[in-house]
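Heads up, the thing below is written out as structure tokens.
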Amino acid sequence: MKFLVFIEPKDFRDETLKSIKMFFDRWDVNYKISSYTKDSCTGMHGDIVDIDFNTNLVNSDNFDGLILVDGKGIDEYKLYEFRPLLDLIMLFNSSNKWIIAFENAVGLVARANIINNKKIATTESNPEVIRFVKLFHGIPSQKDLEVSENLITVKDSSKSNELFDSILEKLNIE
């Protein structure tokens, strides 16, 4: 399997990306890191990450899934309204490829309008995401992890280490 990991140009959640990399490296899952910038990206806690390529250059045929990393950068860059990213999410969904969204990145899949009648893990600490989920006819859930068809949503990215075994199991990676 090969995944595209999308991070915001600035203020992505470093811990979430570290968890993804740690588990994928441990299980030999291929991944590429992408963002809408040509420069390095900076996490909320100062991690500097070189991207493999700009998200504009993504060919979804080259990937089995998309991972959306959470962080303040989603709000700062108004990614909920960024049509190229929403279109990319829709493209992965229409190809029935895995989409994994952490915490406030769940709002991106909601805004891409791919959550109709799907259970979506949401956190009460982000009312904007809950509003998006309800607006686009998703079913808010208080579970830490929800799997609805090809969509996996994670309520609290601080628990990603605990949840990654379940995520890998859903992806049939052992």
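Here, A, B, ... name the chains of the structure tokens in the order displayed, residue numbers run from 1 inside each chain, and ligands are numbered from 1 in the same displayed order.
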Write out as an MDAnalysis selection string each polymer residue whose atoms come within 7 Å of stretch 107-123 of chain A, counting only C-alpha atoms; drop sequence neighbours fewer than 2 positions from it.
chainID A and resid 80 86:87 89:90 103:105 125:126 129:130 132:133 136:146 148 153:156
Would you save the residues from that selection as a compact mmCIF listing (two decimals), in the first residue's frame, using C-alpha atoms?
# COMPACT_ATOMS: atom_id res chain seq x y z
CA TYR A 80 -12.10 24.14 4.51
CA LEU A 86 -11.61 19.39 -1.44
CA ASP A 87 -11.60 18.16 -5.07
CA ILE A 89 -10.54 14.40 -1.32
CA MET A 90 -13.57 13.85 -3.57
CA GLU A 103 -9.40 15.64 14.60
CA ASN A 104 -10.08 19.01 12.87
CA ALA A 105 -9.09 17.56 9.47
CA SER A 125 -13.78 20.95 21.49
CA ASN A 126 -14.24 21.89 17.84
CA VAL A 129 -16.21 20.61 12.68
CA ILE A 130 -19.41 19.34 14.32
CA PHE A 132 -19.76 20.89 9.12
CA VAL A 133 -20.56 17.25 9.87
CA PHE A 136 -23.22 17.79 5.19
CA HIS A 137 -25.46 15.08 6.69
CA GLY A 138 -22.83 13.09 8.54
CA ILE A 139 -23.66 11.42 11.83
CA PRO A 140 -21.50 12.82 14.67
CA SER A 141 -20.05 10.14 16.91
CA GLN A 142 -18.25 10.41 20.23
CA LYS A 143 -16.21 7.27 19.55
CA ASP A 144 -12.46 7.78 19.29
CA LEU A 145 -12.38 6.05 15.90
CA GLU A 146 -15.10 5.62 13.28
CA SER A 148 -17.57 4.22 7.46
CA THR A 153 -12.05 9.48 11.21
CA VAL A 154 -10.19 9.99 14.48
CA LYS A 155 -11.70 12.17 17.20
CA ASP A 156 -8.57 12.93 19.22
Within 12 Å of A:Gly43, counting only C-alpha atoms, which residues show up once you throw out same-chain ones fewer than 2 positions away? Write them as an NGL selection string, please.
:A and (7-18 or 40-41 or 45-50 or 69-74)
Counting only C-alpha atoms, which residue out of A:Ser35, A:Ser60, A:Ile67, A:Ser158 sits closest to A:Val5?
A:Ile67
Might you pull out every residue within 6 Å of A:Leu66, with only C-alpha atoms counted and same-chain residues fewer than 6 positions away left off, and present them as a PyMOL selection string?
chain A and resi 3-5+99
DSSP-assigned alpha helix (DSSP H) members of chain A, reported as a PyMOL selection string:
chain A and resi 14-26+73-76+83-94+106-111+127-135+160-170
List the spatial neighbours of A:Phe23 as a PDB file with N, CA and C atoms, in the first residue's frame - criterion: any atom at most 10 Å away, only C-alpha atoms, same-chain residues fewer than 6 positions off excluded.
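Saved file selection.pdb follows:
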ATOM      1  N   VAL A  29       4.898   0.440   5.204  1.00  0.00           N
ATOM      2  CA  VAL A  29       3.880   1.036   4.344  1.00  0.00           C
ATOM      3  C   VAL A  29       4.508   2.252   3.668  1.00  0.00           C
ATOM      4  N   ASN A 161      -1.465   7.083  18.662  1.00  0.00           N
ATOM      5  CA  ASN A 161      -0.618   5.913  18.914  1.00  0.00           C
ATOM      6  C   ASN A 161      -1.442   4.722  19.368  1.00  0.00           C
ATOM      7  N   PHE A 164      -3.661   3.459  16.267  1.00  0.00           N
ATOM      8  CA  PHE A 164      -3.068   3.081  14.988  1.00  0.00           C
ATOM      9  C   PHE A 164      -3.135   1.589  14.719  1.00  0.00           C
ATOM     10  N   ASP A 165      -3.055   0.746  15.739  1.00  0.00           N
ATOM     11  CA  ASP A 165      -3.207  -0.693  15.512  1.00  0.00           C
ATOM     12  C   ASP A 165      -4.580  -1.003  14.910  1.00  0.00           C
ATOM     13  N   LEU A 168      -4.522   0.197  11.246  1.00  0.00           N
ATOM     14  CA  LEU A 168      -3.800  -0.748  10.384  1.00  0.00           C
ATOM     15  C   LEU A 168      -4.598  -2.016  10.149  1.00  0.00           C
TER      16      LEU A 168
END
Calculate how many Å separate atom CA of A:Asp64 from atom CA of A:Asn96, rounding to one decimal.
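Rounded to one decimal, the two atoms are 9.0 Å apart.
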Atomic separation - atom CA of A:Leu79 relative to atom CA of A:Ile20, Å:
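Pair atom CA of A:Ile20 / atom CA of A:Leu79 returns 20.9 Å.
The set of residues in stretch 112-143 of chain A assigned to strand (DSSP E or B) by DSSP, using only backbone atoms of this structure, is Lys119, Ile120, Ala121, Ile139, Pro140 and Ser141 of chain A.
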Pull C-alpha atoms from the residues just selected and write them as a JSON list (two decimals), in the first residue's frame.
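Listed below is the output, selection_24.json:
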[["chain", "number", "residue", "atom", "x", "y", "z"],
["A", 119, "LYS", "CA", -20.65, 8.02, 11.20],
["A", 120, "ILE", "CA", -17.93, 10.58, 11.82],
["A", 121, "ALA", "CA", -15.74, 10.81, 14.93],
["A", 139, "ILE", "CA", -23.66, 11.42, 11.83],
["A", 140, "PRO", "CA", -21.50, 12.82, 14.67],
["A", 141, "SER", "CA", -20.05, 10.14, 16.91]]
Nearest to A:Leu85 by atom-to-atom distance, counting only C-alpha atoms, from A:Val58, A:Trp98, A:Ile33, A:Lys159:
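For A:Leu85, the nearest of the candidates is A:Val58.
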Just checking: using only C-alpha atoms, which residue out of A:Arg131, A:Asp39, A:Glu76, A:Leu88 ends up closest to A:Asn56?
A:Leu88
One number please: atom CA of A:Ser160 to atom CA of A:Phe24, in Å, one decimal.
12.7 Å
